[in-house]
Amino acid sequence: MSATEGQPAPALDLPTDGGGRITLAALKGKPAVVYFYPKDDTTGCTREAQDFTALAPDFAALGATVIGVSRDTVKKHERFKAKYDLAVILASDEDGAACEAWGVWVQKKLYGREYMGIERATFLIDAEGRIARVWRNVKVADHAAAVLEAVKVL
């Protein structure tokens with residue numbers, strides 16, 4: 001299964017840093033950005049989280065909630081968030097159910113070795129809970145700014 005533009009967003013109900021939970025249902029009526037990333041505290045993932053954090057006030061001004069999702073534990077998210085002073089919600093999908101539902105648990109290849117992992121992908125959810133935009137195989141540079149522009153035209 002893969003989440004595609006125009007469809008209702010798959011359910012999302014995950015534990016977050018700080019001992020909370022995030023659900024898309026609770027965000028209905030406002031836009032949300034859900035970005036999936038491979039691993040806390042790696043170069044690309046750190047840069048992506050920092051870029052979304054730098055634009056957090058702009059997303060907030062548009063009423064949009066930004067949620068980063070990986071299979072790391074809540075504890076690892078908390079250390080990652082504290083280390084880089086991140087201002088985005090980090091949700092833990094330890095069992096991979098959300099990654100499967102959103103179609104981002106994929107076969108990857110690195111140095112000729114094939115393995116399963118999280119595809120770096122971002123989904124913009126509109127106020128009605130539908131997927132307004134999808135970015136797959138994301139390149140981190142300028143990505144957060146491109147997502148912000150898409151939120152502005154929702």
# chains A, B, ... in the order shown; residues from 1 in each chain; ligands from 1
call {"tool": "residues_around", "arguments": {"residues": "region 140-147 of chain A", "least_positions_apart": "4", "cutoff": "10 Å", "atoms": "only C-alpha atoms", "output": "list in words"}}
result
Val33, Tyr35, Gly44, Cys45, Thr46, Arg47, Glu48, Ala49, Gln50, Asp51, Phe52, Thr53, Ala54, Leu55, Ala56, Asp58, Phe59, Arg120, Thr122, Phe123, Leu124, Arg133, Val134, Trp135, Val151 and Lys152 of chain A
call {"tool": "residues_around", "arguments": {"residues": "Arg21 (chain A)", "least_positions_apart": "5", "cutoff": "12 Å", "atoms": "only C-alpha atoms", "output": "list of chain:residue names"}}
result
A:Leu12, A:Asp13, A:Leu14, A:Pro15, A:Thr16, A:Ala26, A:Leu27, A:Ile67, A:Val74, A:Ile89, A:Leu90, A:Ala91, A:Ser92, A:Asp93
call {"tool": "write_last_selection", "arguments": {"atoms": "N, CA, C and O atoms", "output": "PDB file, in the first residue's frame"}}
result
ATOM      1  N   LEU A  12      -2.627   7.650  11.632  1.00  0.00           N
ATOM      2  CA  LEU A  12      -1.342   7.828  12.300  1.00  0.00           C
ATOM      3  C   LEU A  12      -1.640   8.024  13.771  1.00  0.00           C
ATOM      4  O   LEU A  12      -2.391   8.927  14.142  1.00  0.00           O
ATOM      5  N   ASP A  13      -1.117   7.150  14.599  1.00  0.00           N
ATOM      6  CA  ASP A  13      -1.304   7.236  16.046  1.00  0.00           C
ATOM      7  C   ASP A  13      -0.043   6.666  16.670  1.00  0.00           C
ATOM      8  O   ASP A  13       0.122   5.446  16.761  1.00  0.00           O
ATOM      9  N   LEU A  14       0.890   7.555  17.033  1.00  0.00           N
ATOM     10  CA  LEU A  14       2.213   7.119  17.483  1.00  0.00           C
ATOM     11  C   LEU A  14       2.651   7.851  18.750  1.00  0.00           C
ATOM     12  O   LEU A  14       2.281   9.011  18.965  1.00  0.00           O
ATOM     13  N   PRO A  15       3.482   7.199  19.560  1.00  0.00           N
ATOM     14  CA  PRO A  15       4.070   7.883  20.707  1.00  0.00           C
ATOM     15  C   PRO A  15       5.112   8.894  20.223  1.00  0.00           C
ATOM     16  O   PRO A  15       5.765   8.676  19.198  1.00  0.00           O
ATOM     17  N   THR A  16       5.254   9.971  20.982  1.00  0.00           N
ATOM     18  CA  THR A  16       6.187  11.031  20.595  1.00  0.00           C
ATOM     19  C   THR A  16       7.170  11.330  21.719  1.00  0.00           C
ATOM     20  O   THR A  16       6.986  10.903  22.856  1.00  0.00           O
ATOM     21  N   ALA A  26      -6.573  14.039  15.511  1.00  0.00           N
ATOM     22  CA  ALA A  26      -6.581  15.188  16.418  1.00  0.00           C
ATOM     23  C   ALA A  26      -6.193  16.482  15.702  1.00  0.00           C
ATOM     24  O   ALA A  26      -6.475  17.578  16.189  1.00  0.00           O
ATOM     25  N   LEU A  27      -5.559  16.362  14.547  1.00  0.00           N
ATOM     26  CA  LEU A  27      -5.105  17.548  13.805  1.00  0.00           C
ATOM     27  C   LEU A  27      -6.095  17.977  12.723  1.00  0.00           C
ATOM     28  O   LEU A  27      -5.858  18.962  12.029  1.00  0.00           O
ATOM     29  N   ILE A  67       5.575  16.803  11.744  1.00  0.00           N
ATOM     30  CA  ILE A  67       5.837  15.569  12.477  1.00  0.00           C
ATOM     31  C   ILE A  67       6.884  14.762  11.720  1.00  0.00           C
ATOM     32  O   ILE A  67       6.689  14.415  10.555  1.00  0.00           O
ATOM     33  N   VAL A  74      11.346   6.275  21.318  1.00  0.00           N
ATOM     34  CA  VAL A  74      11.025   7.586  21.880  1.00  0.00           C
ATOM     35  C   VAL A  74      12.242   8.154  22.617  1.00  0.00           C
ATOM     36  O   VAL A  74      12.567   9.330  22.473  1.00  0.00           O
ATOM     37  N   ILE A  89       7.810  17.761  16.148  1.00  0.00           N
ATOM     38  CA  ILE A  89       7.383  16.577  16.891  1.00  0.00           C
ATOM     39  C   ILE A  89       8.068  15.372  16.266  1.00  0.00           C
ATOM     40  O   ILE A  89       8.076  15.224  15.043  1.00  0.00           O
ATOM     41  N   LEU A  90       8.666  14.522  17.093  1.00  0.00           N
ATOM     42  CA  LEU A  90       9.287  13.294  16.596  1.00  0.00           C
ATOM     43  C   LEU A  90       8.470  12.113  17.091  1.00  0.00           C
ATOM     44  O   LEU A  90       8.307  11.924  18.298  1.00  0.00           O
ATOM     45  N   ALA A  91       7.938  11.348  16.153  1.00  0.00           N
ATOM     46  CA  ALA A  91       7.082  10.208  16.481  1.00  0.00           C
ATOM     47  C   ALA A  91       7.835   8.903  16.228  1.00  0.00           C
ATOM     48  O   ALA A  91       8.578   8.784  15.255  1.00  0.00           O
ATOM     49  N   SER A  92       7.611   7.937  17.110  1.00  0.00           N
ATOM     50  CA  SER A  92       8.302   6.656  17.046  1.00  0.00           C
ATOM     51  C   SER A  92       7.391   5.575  16.458  1.00  0.00           C
ATOM     52  O   SER A  92       6.326   5.292  16.989  1.00  0.00           O
ATOM     53  N   ASP A  93       7.855   4.975  15.369  1.00  0.00           N
ATOM     54  CA  ASP A  93       7.134   3.881  14.716  1.00  0.00           C
ATOM     55  C   ASP A  93       7.980   2.606  14.851  1.00  0.00           C
ATOM     56  O   ASP A  93       8.417   2.034  13.859  1.00  0.00           O
TER      57      ASP A  93
END
call {"tool": "residues_around", "arguments": {"residues": "Lys28 (chain A)", "least_positions_apart": "6", "cutoff": "7 Å", "atoms": "only C-alpha atoms", "output": "JSON, numbers by chain"}}
result
{"A": [127, 128, 129]}
call {"tool": "atom_distance", "arguments": {"atom1": "CA of Thr4 (chain A)", "atom2": "CA of Cys99 (chain A)"}}
result
13.7 Å
call {"tool": "atom_distance", "arguments": {"atom1": "CA of Phe36 (chain A)", "atom2": "CA of Asp126 (chain A)"}}
result
17.3 Å
call {"tool": "select_by_dssp", "arguments": {"residues": "region 11-118 of chain A", "states": "strand (DSSP E)", "output": "number ranges by chain"}}
result
A: 13-15, 21-23, 32-36, 65-70, 89-92, 105-110, 113-118
call {"tool": "write_last_selection", "arguments": {"atoms": "C-alpha atoms", "output": "PDB file, in the first residue's frame"}}
result
ATOM      1  CA  ASP A  13      -1.304   7.236  16.046  1.00  0.00           C
ATOM      2  CA  LEU A  14       2.213   7.119  17.483  1.00  0.00           C
ATOM      3  CA  PRO A  15       4.070   7.883  20.707  1.00  0.00           C
ATOM      4  CA  ARG A  21       1.000  10.792  21.363  1.00  0.00           C
ATOM      5  CA  ILE A  22       0.228  12.239  17.976  1.00  0.00           C
ATOM      6  CA  THR A  23      -2.773  11.328  15.844  1.00  0.00           C
ATOM      7  CA  ALA A  32      -0.025  18.712   8.772  1.00  0.00           C
ATOM      8  CA  VAL A  33       3.365  17.764   7.381  1.00  0.00           C
ATOM      9  CA  VAL A  34       4.394  14.169   8.024  1.00  0.00           C
ATOM     10  CA  TYR A  35       7.956  13.403   7.036  1.00  0.00           C
ATOM     11  CA  PHE A  36       9.501   9.954   7.260  1.00  0.00           C
ATOM     12  CA  THR A  65       1.991  20.807  12.512  1.00  0.00           C
ATOM     13  CA  VAL A  66       5.275  19.193  11.447  1.00  0.00           C
ATOM     14  CA  ILE A  67       5.837  15.569  12.477  1.00  0.00           C
ATOM     15  CA  GLY A  68       9.004  13.574  11.830  1.00  0.00           C
ATOM     16  CA  VAL A  69       8.596   9.788  11.900  1.00  0.00           C
ATOM     17  CA  SER A  70      11.257   7.085  12.100  1.00  0.00           C
ATOM     18  CA  ILE A  89       7.383  16.577  16.891  1.00  0.00           C
ATOM     19  CA  LEU A  90       9.287  13.294  16.596  1.00  0.00           C
ATOM     20  CA  ALA A  91       7.082  10.208  16.481  1.00  0.00           C
ATOM     21  CA  SER A  92       8.302   6.656  17.046  1.00  0.00           C
ATOM     22  CA  TRP A 105       9.149   0.784   4.109  1.00  0.00           C
ATOM     23  CA  VAL A 106      10.987  -0.133   0.923  1.00  0.00           C
ATOM     24  CA  GLN A 107      13.846  -2.154  -0.457  1.00  0.00           C
ATOM     25  CA  LYS A 108      16.974  -0.020  -0.617  1.00  0.00           C
ATOM     26  CA  LYS A 109      20.419  -0.583  -2.031  1.00  0.00           C
ATOM     27  CA  LEU A 110      23.728   0.685  -0.684  1.00  0.00           C
ATOM     28  CA  ARG A 113      23.790  -4.559  -0.661  1.00  0.00           C
ATOM     29  CA  GLU A 114      19.990  -4.725  -0.609  1.00  0.00           C
ATOM     30  CA  TYR A 115      18.058  -4.198   2.606  1.00  0.00           C
ATOM     31  CA  MET A 116      14.706  -2.908   3.865  1.00  0.00           C
ATOM     32  CA  GLY A 117      14.583   0.642   5.184  1.00  0.00           C
ATOM     33  CA  ILE A 118      12.616   3.866   5.379  1.00  0.00           C
TER      34      ILE A 118
END
call {"tool": "atom_distance", "arguments": {"atom1": "CA of Lys83 (chain A)", "atom2": "CA of Pro38 (chain A)"}}
result
17.7 Å
call {"tool": "closest_residue", "arguments": {"among": "A:Thr73, A:Lys30, A:Thr42, A:Val138", "to": "Ala61 (chain A)", "atoms": "only C-alpha atoms"}}
result
A:Lys30
call {"tool": "select_by_dssp", "arguments": {"residues": "chain A", "states": "helix (DSSP H, G or I)", "output": "number ranges by chain"}}
result
A: 17-19, 24-27, 43-54, 56-61, 74-84, 97-102, 143-152
call {"tool": "closest_residue", "arguments": {"among": "A:Ile125, A:Ala3, A:Val104, A:Ile131", "to": "Ala64 (chain A)", "atoms": "only C-alpha atoms"}}
result
A:Ile125
call {"tool": "closest_residue", "arguments": {"among": "A:Thr43, A:Glu94, A:Asp85, A:Pro31", "to": "Leu148 (chain A)", "atoms": "only C-alpha atoms"}}
result
A:Pro31
call {"tool": "decode", "arguments": {"residues": "region 72-105 of chain A", "atoms": "N, CA and C atoms", "output": "mmCIF file, in the first residue's frame"}}
result
data_model
loop_
_atom_site.group_PDB
_atom_site.id
_atom_site.type_symbol
_atom_site.label_atom_id
_atom_site.label_comp_id
_atom_site.auth_asym_id
_atom_site.auth_seq_id
_atom_site.Cartn_x
_atom_site.Cartn_y
_atom_site.Cartn_z
ATOM 1 N N ASP A 72 13.072 4.817 15.191
ATOM 2 C CA ASP A 72 13.838 4.974 16.417
ATOM 3 C C ASP A 72 12.903 5.016 17.616
ATOM 4 N N THR A 73 13.431 4.682 18.792
ATOM 5 C CA THR A 73 12.640 4.696 20.020
ATOM 6 C C THR A 73 12.343 6.129 20.466
ATOM 7 N N VAL A 74 11.346 6.275 21.318
ATOM 8 C CA VAL A 74 11.025 7.586 21.880
ATOM 9 C C VAL A 74 12.242 8.154 22.617
ATOM 10 N N LYS A 75 12.940 7.311 23.381
ATOM 11 C CA LYS A 75 14.134 7.771 24.118
ATOM 12 C C LYS A 75 15.193 8.313 23.161
ATOM 13 N N LYS A 76 15.413 7.614 22.059
ATOM 14 C CA LYS A 76 16.400 8.076 21.076
ATOM 15 C C LYS A 76 15.940 9.399 20.463
ATOM 16 N N HIS A 77 14.643 9.537 20.183
ATOM 17 C CA HIS A 77 14.099 10.801 19.674
ATOM 18 C C HIS A 77 14.358 11.932 20.667
ATOM 19 N N GLU A 78 14.144 11.657 21.949
ATOM 20 C CA GLU A 78 14.332 12.702 22.965
ATOM 21 C C GLU A 78 15.784 13.172 23.007
ATOM 22 N N ARG A 79 16.730 12.233 22.917
ATOM 23 C CA ARG A 79 18.155 12.621 22.899
ATOM 24 C C ARG A 79 18.482 13.424 21.644
ATOM 25 N N PHE A 80 17.972 12.980 20.504
ATOM 26 C CA PHE A 80 18.190 13.660 19.217
ATOM 27 C C PHE A 80 17.623 15.080 19.266
ATOM 28 N N LYS A 81 16.409 15.209 19.772
ATOM 29 C CA LYS A 81 15.740 16.510 19.845
ATOM 30 C C LYS A 81 16.515 17.467 20.764
ATOM 31 N N ALA A 82 16.953 16.961 21.923
ATOM 32 C CA ALA A 82 17.693 17.785 22.874
ATOM 33 C C ALA A 82 19.065 18.185 22.315
ATOM 34 N N LYS A 83 19.750 17.250 21.689
ATOM 35 C CA LYS A 83 21.095 17.501 21.165
ATOM 36 C C LYS A 83 21.103 18.640 20.143
ATOM 37 N N TYR A 84 20.062 18.701 19.299
ATOM 38 C CA TYR A 84 20.026 19.698 18.225
ATOM 39 C C TYR A 84 18.968 20.777 18.440
ATOM 40 N N ASP A 85 18.335 20.791 19.604
ATOM 41 C CA ASP A 85 17.312 21.785 19.936
ATOM 42 C C ASP A 85 16.236 21.854 18.843
ATOM 43 N N LEU A 86 15.682 20.703 18.524
ATOM 44 C CA LEU A 86 14.706 20.599 17.438
ATOM 45 C C LEU A 86 13.319 21.046 17.898
ATOM 46 N N ALA A 87 12.583 21.670 16.979
ATOM 47 C CA ALA A 87 11.253 22.200 17.295
ATOM 48 C C ALA A 87 10.154 21.491 16.515
ATOM 49 N N VAL A 88 10.398 20.249 16.126
ATOM 50 C CA VAL A 88 9.371 19.463 15.444
ATOM 51 C C VAL A 88 9.000 18.294 16.347
ATOM 52 N N ILE A 89 7.810 17.761 16.148
ATOM 53 C CA ILE A 89 7.383 16.577 16.891
ATOM 54 C C ILE A 89 8.068 15.372 16.266
ATOM 55 N N LEU A 90 8.666 14.522 17.093
ATOM 56 C CA LEU A 90 9.287 13.294 16.596
ATOM 57 C C LEU A 90 8.470 12.113 17.091
ATOM 58 N N ALA A 91 7.938 11.348 16.153
ATOM 59 C CA ALA A 91 7.082 10.208 16.481
ATOM 60 C C ALA A 91 7.835 8.903 16.228
ATOM 61 N N SER A 92 7.611 7.937 17.110
ATOM 62 C CA SER A 92 8.302 6.656 17.046
ATOM 63 C C SER A 92 7.391 5.575 16.458
ATOM 64 N N ASP A 93 7.855 4.975 15.369
ATOM 65 C CA ASP A 93 7.134 3.881 14.716
ATOM 66 C C ASP A 93 7.980 2.606 14.851
ATOM 67 N N GLU A 94 8.213 2.207 16.099
ATOM 68 C CA GLU A 94 9.118 1.079 16.358
ATOM 69 C C GLU A 94 8.736 -0.198 15.627
ATOM 70 N N ASP A 95 7.449 -0.497 15.552
ATOM 71 C CA ASP A 95 7.041 -1.749 14.898
ATOM 72 C C ASP A 95 6.914 -1.619 13.378
ATOM 73 N N GLY A 96 7.032 -0.398 12.870
ATOM 74 C CA GLY A 96 7.006 -0.185 11.427
ATOM 75 C C GLY A 96 5.623 -0.176 10.788
ATOM 76 N N ALA A 97 4.558 -0.239 11.586
ATOM 77 C CA ALA A 97 3.202 -0.293 11.026
ATOM 78 C C ALA A 97 2.862 0.974 10.233
ATOM 79 N N ALA A 98 3.253 2.134 10.745
ATOM 80 C CA ALA A 98 2.969 3.382 10.016
ATOM 81 C C ALA A 98 3.784 3.441 8.729
ATOM 82 N N CYS A 99 5.048 3.034 8.791
ATOM 83 C CA CYS A 99 5.883 3.027 7.579
ATOM 84 C C CYS A 99 5.267 2.146 6.503
ATOM 85 N N GLU A 100 4.741 0.996 6.914
ATOM 86 C CA GLU A 100 4.065 0.094 5.967
ATOM 87 C C GLU A 100 2.812 0.762 5.399
ATOM 88 N N ALA A 101 1.982 1.328 6.278
ATOM 89 C CA ALA A 101 0.706 1.921 5.846
ATOM 90 C C ALA A 101 0.916 3.090 4.888
ATOM 91 N N TRP A 102 1.984 3.834 5.091
ATOM 92 C CA TRP A 102 2.259 5.005 4.252
ATOM 93 C C TRP A 102 3.108 4.644 3.033
ATOM 94 N N GLY A 103 3.540 3.391 2.942
ATOM 95 C CA GLY A 103 4.291 2.938 1.766
ATOM 96 C C GLY A 103 5.724 3.412 1.710
ATOM 97 N N VAL A 104 6.344 3.647 2.877
ATOM 98 C CA VAL A 104 7.726 4.139 2.890
ATOM 99 C C VAL A 104 8.726 3.092 3.380
ATOM 100 N N TRP A 105 8.256 1.884 3.740
ATOM 101 C CA TRP A 105 9.149 0.784 4.109
ATOM 102 C C TRP A 105 9.471 0.065 2.819
#
